[in-house]
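Everything on this sheet refers to the single structure shown next.
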Amino acid sequence: MSVSSGTMEASLTQEILSSLGLANKTAAWGTLGTLRTFLSFSVDKDVQKLLKAITGQGVAHSTIVDVLTNRSREQRQLISRAFQERTKQDLLKSLQAALSGNLEKIVVALLQPAAQFDAQELRAALKASGSAEDVALEILATRAAPRLQECLAVYKRDFQVEAEEDIRAETNGILQDLLLALSKGGRERYSGVIDYSLEEQDVQALQQTGGSSMAGQWVLIFTQRSPEHLIRVFDQYRRCTGQELEDAVRNRFHGDAQRALLSLASIMRNTALYFAHKLHQALQETEPDFQVLMRILVSRSETDLLSIRAEFKRKFGKSLYSSLQGAGRGDCHSALLALCRAEDI
């Protein structure tokens, strides 16, 4: 594949907007997320709806879900502040007292600032056995640099420890090196100019089969180079060696390091497809993995969930929405479906 990821992303964006009848009205959509600013937003009306839903005869779960899944995160923060001003009560704590189970979890995720949600997910991943190479890497590798730095600042504030310290305490080896490098947020941005010399240098470094610096070169290249550059490196590696880079990873690395490098390669090649695979895997469990579904749908709903949906249908032949429909029922399930949105893709 010789087309850069930037070109691929642009064409996919156009394809998605075309399928929605918005190809020539980008401003009308403005995002490849499924959630966008609610145009008829009235903070006072929403506060009253939520107050009634909590204090009325029986908790109106459907009203809570309808309001929170149809507002952008910024609008939800405005609702929270207005609720506090008008009622002298904390909206999040009020909803937590009224709800339970997975519905409570998704409501908390929707009401938290994005950085706080990411920080809590990162902390849980680092403290849980076997989650660092999956969830922690997902967060550190897919969040834009400003959001990542905000997440790490909240992490330190809320848990009184640097994320870097927890990474050092809970991981080791190449996985630790990858996570520490990613936490620096130092990935290069594509300037639009192809650096053929650096491309050749990186391909040669990845072909090294031994030596103490071999693993360090992989970590540096996978965590510092831009996705556009890495895709060209992957293509050139295949032309030079006759094998995909992922096959080399499987041959040279094992355990957490192998899984982490394969995930990073997947993210660099096509982030939306990476998330589509994770959603599909979560839905294939005997009991759908709610935590994975919630984390991805909440965190990507205002950035690229339309792209993820398109890749899901292209890869698995079934829409994400219909797959979610068959995975459960109830108010929590309705919230996930609302975040996904029922469209043709």
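Residue numbering restarts at 1 for every chain of the structure tokens, chains are lettered A, B, ... in their displayed order, and ligands are numbered from 1 as they appear.
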
Each stretch 202-276 of chain A residue no farther than 10 Å from stretch 301-306 of chain A, nearest pair in Å, only C-alpha atoms, as a tab-separated table:
residue	atom	partner	partner_atom	distance
A:Thr271	CA	A:Asp304	CA	9.3
A:Ala272	CA	A:Asp304	CA	7.3
A:Phe275	CA	A:Leu305	CA	9.1
A:Ala276	CA	A:Leu305	CA	9.3

Residues from the last selection, C-alpha atoms, saved as a PDB file, in the first residue's frame:
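Listed below is the output, result.pdb:
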ATOM      1  CA  THR A 271      -7.071   3.740  14.093  1.00  0.00           C
ATOM      2  CA  ALA A 272     -10.753   3.371  13.231  1.00  0.00           C
ATOM      3  CA  PHE A 275     -11.313   0.239  17.425  1.00  0.00           C
ATOM      4  CA  ALA A 276     -13.732  -1.682  15.192  1.00  0.00           C
TER       5      ALA A 276
END

**Report entry** Of the listed residues A:Arg300, A:Thr241, A:Pro227, A:Asp256, that which approaches A:Arg143 most closely, counting only C-alpha atoms
**Finding:**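 Of the candidates, the smallest distance to A:Arg143 is held by A:Arg300.
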
Would you kindly return, as a PDB file with N, CA, C and O atoms, in the first residue's frame, each protein, DNA or RNA residue with an atom no farther than 10 Å from any atom of A:Phe41, considering only C-alpha atoms and excluding same-chain residues fewer than 2 positions away?
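Contents of the output file part_33.pdb:
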ATOM      1  N   THR A  37     -22.780  19.115  18.921  1.00  0.00           N
ATOM      2  CA  THR A  37     -23.509  20.104  19.718  1.00  0.00           C
ATOM      3  C   THR A  37     -24.998  20.067  19.404  1.00  0.00           C
ATOM      4  O   THR A  37     -25.403  20.125  18.241  1.00  0.00           O
ATOM      5  N   PHE A  38     -25.827  19.941  20.434  1.00  0.00           N
ATOM      6  CA  PHE A  38     -27.278  19.900  20.277  1.00  0.00           C
ATOM      7  C   PHE A  38     -27.773  21.312  20.003  1.00  0.00           C
ATOM      8  O   PHE A  38     -27.642  22.207  20.839  1.00  0.00           O
ATOM      9  N   LEU A  39     -28.339  21.539  18.815  1.00  0.00           N
ATOM     10  CA  LEU A  39     -28.653  22.892  18.368  1.00  0.00           C
ATOM     11  C   LEU A  39     -29.775  23.539  19.166  1.00  0.00           C
ATOM     12  O   LEU A  39     -29.811  24.756  19.317  1.00  0.00           O
ATOM     13  N   VAL A  43     -30.096  24.863  28.645  1.00  0.00           N
ATOM     14  CA  VAL A  43     -29.555  24.314  29.881  1.00  0.00           C
ATOM     15  C   VAL A  43     -30.622  24.284  30.970  1.00  0.00           C
ATOM     16  O   VAL A  43     -30.691  23.340  31.770  1.00  0.00           O
ATOM     17  N   ASP A  44     -31.491  25.309  31.015  1.00  0.00           N
ATOM     18  CA  ASP A  44     -32.535  25.349  32.044  1.00  0.00           C
ATOM     19  C   ASP A  44     -33.530  24.205  31.875  1.00  0.00           C
ATOM     20  O   ASP A  44     -33.918  23.559  32.855  1.00  0.00           O
ATOM     21  N   LYS A  45     -33.934  23.944  30.637  1.00  0.00           N
ATOM     22  CA  LYS A  45     -34.873  22.848  30.384  1.00  0.00           C
ATOM     23  C   LYS A  45     -34.249  21.504  30.749  1.00  0.00           C
ATOM     24  O   LYS A  45     -34.906  20.629  31.328  1.00  0.00           O
ATOM     25  N   ASP A  46     -32.969  21.338  30.428  1.00  0.00           N
ATOM     26  CA  ASP A  46     -32.315  20.070  30.734  1.00  0.00           C
ATOM     27  C   ASP A  46     -32.158  19.863  32.238  1.00  0.00           C
ATOM     28  O   ASP A  46     -32.304  18.743  32.742  1.00  0.00           O
ATOM     29  N   ASN A  70     -27.663  12.854  24.123  1.00  0.00           N
ATOM     30  CA  ASN A  70     -27.958  13.758  23.002  1.00  0.00           C
ATOM     31  C   ASN A  70     -27.330  15.135  23.193  1.00  0.00           C
ATOM     32  O   ASN A  70     -27.707  16.084  22.514  1.00  0.00           O
ATOM     33  N   ARG A  71     -26.388  15.230  24.104  1.00  0.00           N
ATOM     34  CA  ARG A  71     -25.674  16.483  24.334  1.00  0.00           C
ATOM     35  C   ARG A  71     -24.179  16.214  24.203  1.00  0.00           C
ATOM     36  O   ARG A  71     -23.694  15.132  24.544  1.00  0.00           O
ATOM     37  N   SER A  72     -23.453  17.206  23.723  1.00  0.00           N
ATOM     38  CA  SER A  72     -21.996  17.081  23.657  1.00  0.00           C
ATOM     39  C   SER A  72     -21.430  17.100  25.073  1.00  0.00           C
ATOM     40  O   SER A  72     -22.109  17.506  26.023  1.00  0.00           O
ATOM     41  N   GLN A  75     -21.656  20.492  26.550  1.00  0.00           N
ATOM     42  CA  GLN A  75     -23.001  20.830  27.001  1.00  0.00           C
ATOM     43  C   GLN A  75     -23.343  20.109  28.306  1.00  0.00           C
ATOM     44  O   GLN A  75     -24.004  20.678  29.176  1.00  0.00           O
TER      45      GLN A  75
END

Query raised in the report: What is the distance, in Å and to one decimal place, between atom CA of A:Leu140 and atom CA of A:Arg123?
Result: 11.7 Å

**Report entry** Residue with smallest distance to A:Ile308 - pool A:Ser183, A:Ser266, A:Tyr274, A:Gln291, counting only C-alpha atoms
**Finding:**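 That would be A:Tyr274, the residue with the smallest distance to A:Ile308.
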
Query raised in the report: Neighbours of A:Ala82 within 12 Å (only C-alpha atoms; same-chain residues fewer than 5 positions away dropped), as a PyMOL selection string?
Result: chain A and resi 42-48+50-51+75-77+87-91

Report task. Would you mind writing down, as an MDAnalysis selection string, each residue of stretch 292-329 of chain A that DSSP on the backbone assigns to helix (DSSP H, G or I)? Result -> chainID A and resid 292:300 305:316 320:325

Query raised in the report: Quick one: residues within 12 Å of stretch 229-236 of chain A, only C-alpha atoms counted, chain neighbours fewer than 5 positions away excluded, as a count of residues only?
Result: 51

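Of the listed residues (A:Thr55, A:Thr69, A:Ser80, A:Ser40), A:Thr69 comes nearest to A:Leu339; the distances count only C-alpha atoms.
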
Requested in this report: Would you kindly return, as a list in words, each protein, DNA or RNA residue with an atom no farther than 6 Å from any atom of stretch 312-321 of chain A, considering only C-alpha atoms and excluding same-chain residues fewer than 2 positions away?
Outcome: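 The filter keeps Ala276, Arg309, Ala310, Ser323, Leu324 and Ile345 of chain A.
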
Query raised in the report: Between atom CA of A:Leu95 and atom CA of A:Gln57, what is the distance, to one decimal in Å?
Result: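 It comes out at 14.9 Å.
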
Requested in this report: Might you pull out every residue within 12 Å of A:Leu137, with only C-alpha atoms counted and same-chain residues fewer than 3 positions away left off, and present them as number ranges by chain?
Outcome: A: 118, 121-123, 125-126, 130-134, 140-143, 148, 167, 171, 175-183, 223, 256-257, 259-267

Requested in this report: Go ahead and compute the interatomic distance for atom CA of A:Met294 and atom CA of A:Ile106, in Å to one decimal.
Outcome: 6.6 Å
